[in-house]
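Heads up, the thing below is written out as C-alpha cells.
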Amino acid sequence: MLRLCFTAEDLLQVTFADEPAPMVELTLAIAALQRPDPLFTLWRRRTLHTLPRSAGPLLELVPATAKGPLFLDPLSRGFDDGLDQVLSAPTPFVRTELRRVHAAGRRPVPWARLLADRDREAWQILEHAVQAAHAGVLARSWDRIRAGFDAERAWRVQLLAAQGIRATLASLAPGARWQGTTLEFDSTDNVETALNGHGVTLLPSVFWTGRPLVGRYAQSTFLVYPAVTPLPLLDDPTTNALTTLLGRTRAAILEQLTRPRTTTGLARQLDLAKSSVSEHTGALRAAHLTTAHRDGKTIWHSCTPLGLALLTGSPSTTES
C-alpha cells in the first residue's frame with residue numbers, strides 16, 4: 001500500500017507541474033523498454049531496434065519498475081539542465097541511492113562502485129548513455145509527449161474545478177481511496193509519506209502505466225501517475241484536443257457513448273475487436289468518463305457528466 005498523508009495545508013498546496021520533466025520521462029521510458037506491457041509492445045520493439053549501444057548502461061541502472069537511483073531523474077525544465085543536475089549530484093546522495101537500489105535486490109551493476117567513487121571514466125560512460133538514450137527515445141517523440149502532457153493537465157484542471165481536490169486526487173489511479181486525510185493507492189510496496197505541510201506536485205507521464213510513484217527532492221514531493229493515454233496511443237499533436245488526450249480510438253468510443261451502447265455494438269460500429277473495445281472502455285471508466293452496467297449477459301456503456309463535458313467543452317459540476 002502506498003499512503004500519502006495530507007494535512008489541510010497540504011491540500012491547499014497541491015499543484016500541477018507546468019511541463020514534462022525530461023529526466024523523469026527518460027527513466028520511465030527506459031523502464032518501459034524493459035516492461036512487458038502490451039500497450040508498448042510495438043513501441044518497445046522499434047525503439048530497441050534503433051537505440052544506440054552506448055545507451056545500454058542506463059538500462060543496467062534503471063529497472064522495469066522505474067525504481068532506479070533518484071539522482072538519475074531530477075526535476076528540471078530542460079534536458080541540458082537535467083543532465084547537469086545528474087552529473088553534479090552530491091556524492092553522498094549518489095552513494096545512498098546506489099546502496100538503496102542494491103539493497104532492493106537489483107542485479108549488481110559492476111561499475112556502480114566506480115560511480116560511487118566518482119571515477120571519471122564511469123561518469124563519462126553515464127553521461128554518454130543518458131545523451132544517447134535521450135536522442136534515441138525522447139527527442140523524436142517530444143512533441144507528442146508535450147501535447148499529451150498538456151491535454152492531460154488541462155483535463156485534470158477541469159476535473160479539479162468540477163469535483164474538487166479530493167476527487168481529483170482519487171481519480172489518479174483505479175482503486176485509490178481516502179481514509180480520512182490519507183490517500184491510499186494499491187501497491188506491492190508498503191510506503192507511507194507524510195507531506196508535512198509542503199504539499200505535492202502532480203506529474204503525469206505518458207510512459208508510465210503502473211501505480212503512482214512518489215519522489216522527494218529536498219522539501220519537494222512529487223507524485224508521478226499514468227496519463228490517461230500512454231505514448232503509443234497518442235496521435236500527432238496537430239489533431240484535435242480530445243484525440244490528443246484520449247487517442248483516436250478512445251475519442252471515437254467516447255463520442256459514440258452520448259447514448260448507451262453495448263460492447264458488441266461499439267465493436268461493430270467502429271470495426272474493432274470486442275477485446276479491444278473492452279480494453280478501451282475499461283480505461284475510460286477508470287478515468288471517470290464513462291460508466292457501465294450489466295443487463296443479463298449484456299454490458300451497456302454510456303458517458304458520465306464529465307465525459308459529456310469533455311465532449312462539449314462545457315464544465316461539469318456533478319460529484320463522482
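Labels used: A, B, ... for chains in the order of the C-alpha cells, numbers from 1 for residues in each chain, and numbers from 1 for ligands as shown.
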Spatial neighbours of stretch 90-102 of chain A, 12 Å, only C-alpha atoms, chain gap at least 6 places, as a ChimeraX atom specification: /A:60-63,65-73,84,108-119,123,217-218
Output file for the residues above (C-alpha atoms, as a PDB file, in the first residue's frame):
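File produced: selection_18.pdb:
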ATOM      1  CA  GLU A  60      21.541  -1.514 -16.245  1.00  0.00           C
ATOM      2  CA  LEU A  61      20.788   1.216 -13.711  1.00  0.00           C
ATOM      3  CA  VAL A  62      17.032   1.674 -14.286  1.00  0.00           C
ATOM      4  CA  PRO A  63      14.855  -1.449 -13.804  1.00  0.00           C
ATOM      5  CA  THR A  65       9.886  -0.948 -12.018  1.00  0.00           C
ATOM      6  CA  ALA A  66      11.431   2.501 -12.686  1.00  0.00           C
ATOM      7  CA  LYS A  67      12.781   2.439  -9.113  1.00  0.00           C
ATOM      8  CA  GLY A  68      16.355   3.252 -10.022  1.00  0.00           C
ATOM      9  CA  PRO A  69      18.664   5.715  -8.267  1.00  0.00           C
ATOM     10  CA  LEU A  70      16.919   9.036  -7.759  1.00  0.00           C
ATOM     11  CA  PHE A  71      19.939  11.079  -8.801  1.00  0.00           C
ATOM     12  CA  LEU A  72      19.165   9.986 -12.395  1.00  0.00           C
ATOM     13  CA  ASP A  73      15.794  11.733 -12.634  1.00  0.00           C
ATOM     14  CA  ASP A  84      23.847  18.939 -15.434  1.00  0.00           C
ATOM     15  CA  PRO A 108      24.613  -5.997  -9.269  1.00  0.00           C
ATOM     16  CA  VAL A 109      25.838  -3.296 -11.655  1.00  0.00           C
ATOM     17  CA  PRO A 110      29.615  -3.898 -11.862  1.00  0.00           C
ATOM     18  CA  TRP A 111      30.506  -0.271 -12.452  1.00  0.00           C
ATOM     19  CA  ALA A 112      28.158   1.171  -9.784  1.00  0.00           C
ATOM     20  CA  ARG A 113      31.034   1.187  -7.288  1.00  0.00           C
ATOM     21  CA  LEU A 114      33.009   3.310  -9.735  1.00  0.00           C
ATOM     22  CA  LEU A 115      30.123   5.785  -9.871  1.00  0.00           C
ATOM     23  CA  ALA A 116      30.038   5.879  -6.076  1.00  0.00           C
ATOM     24  CA  ASP A 117      33.783   6.566  -6.057  1.00  0.00           C
ATOM     25  CA  ARG A 118      33.388   9.360  -8.631  1.00  0.00           C
ATOM     26  CA  ASP A 119      35.532   7.566 -11.187  1.00  0.00           C
ATOM     27  CA  TRP A 123      30.719   9.160 -15.110  1.00  0.00           C
ATOM     28  CA  TYR A 217      13.883  16.254  -3.566  1.00  0.00           C
ATOM     29  CA  ALA A 218      14.797  18.496  -0.642  1.00  0.00           C
TER      30      ALA A 218
END
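Near A:Cys5, within 9 Å and counting only C-alpha atoms, sit A:Asp10, A:Thr181, A:Thr182, A:Leu183, A:Glu184, A:Glu192, A:Thr193, A:Ala194, A:Leu195, A:Asn196, not including residues fewer than 5 positions from it in the same chain.
Taking stretch 9-193 of chain A and asking which residues DSSP calls strand (DSSP E or B) on the backbone, you get Val14, Thr15, Phe16, Arg177, Trp178, Gln179, Thr182, Leu183, Glu184, Phe185, Val191, Glu192 and Thr193 of chain A.
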Exercise: A:Leu83 partners within 12 Å, only C-alpha atoms, chain neighbours under 4 positions left out, as a ChimeraX atom specification: /A:21-24,26,71-79,87-89,123-124,126-134
Within 9 Å of A:Val191, counting only C-alpha atoms, which residues show up once you throw out same-chain ones fewer than 4 positions away? Write them as a short mmCIF file (atom, residue, chain, number, x, y, z; two decimals) with all heavy atoms, in the first residue's frame, please.
data_model
loop_
_atom_site.label_atom_id
_atom_site.label_comp_id
_atom_site.auth_asym_id
_atom_site.auth_seq_id
_atom_site.Cartn_x
_atom_site.Cartn_y
_atom_site.Cartn_z
N MET A 1 0.84 -1.20 0.00
CA MET A 1 0.00 0.00 0.00
C MET A 1 0.88 1.25 0.00
O MET A 1 1.85 1.34 0.75
CB MET A 1 -0.88 0.00 1.25
CG MET A 1 -1.95 1.07 1.24
SD MET A 1 -3.34 0.61 0.21
CE MET A 1 -4.03 -0.74 1.16
N LEU A 2 0.53 2.19 -0.87
CA LEU A 2 1.19 3.50 -0.87
C LEU A 2 0.24 4.48 -0.21
O LEU A 2 -0.92 4.61 -0.62
CB LEU A 2 1.49 3.93 -2.30
CG LEU A 2 1.92 5.38 -2.50
CD1 LEU A 2 3.23 5.66 -1.78
CD2 LEU A 2 2.05 5.71 -3.99
N ARG A 3 0.72 5.16 0.82
CA ARG A 3 -0.11 6.11 1.55
C ARG A 3 0.53 7.50 1.51
O ARG A 3 1.71 7.65 1.82
CB ARG A 3 -0.29 5.67 3.00
CG ARG A 3 -1.01 4.35 3.17
CD ARG A 3 -1.12 3.98 4.64
NE ARG A 3 -1.85 2.73 4.84
CZ ARG A 3 -1.27 1.53 4.81
NH1 ARG A 3 0.04 1.43 4.60
NH2 ARG A 3 -1.99 0.45 5.00
N LEU A 4 -0.27 8.49 1.15
CA LEU A 4 0.14 9.88 1.22
C LEU A 4 -0.66 10.55 2.33
O LEU A 4 -1.89 10.60 2.26
CB LEU A 4 -0.11 10.60 -0.12
CG LEU A 4 0.82 10.30 -1.28
CD1 LEU A 4 0.41 11.15 -2.49
CD2 LEU A 4 2.26 10.56 -0.92
N SER A 187 -0.59 -1.05 -3.91
CA SER A 187 0.79 -1.17 -4.33
C SER A 187 1.41 -2.41 -3.70
O SER A 187 0.97 -2.84 -2.63
CB SER A 187 1.59 0.08 -3.92
OG SER A 187 2.96 -0.08 -4.21
#
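Atom CA of A:Asp150 lies 10.7 Å from atom CA of A:Phe16.
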Test item: residues at most 10 Å from A:Arg259, only C-alpha atoms, excluding those fewer than 2 positions along its chain, as a VMD selection string: chain A and resid 254 to 257 261 300 to 303
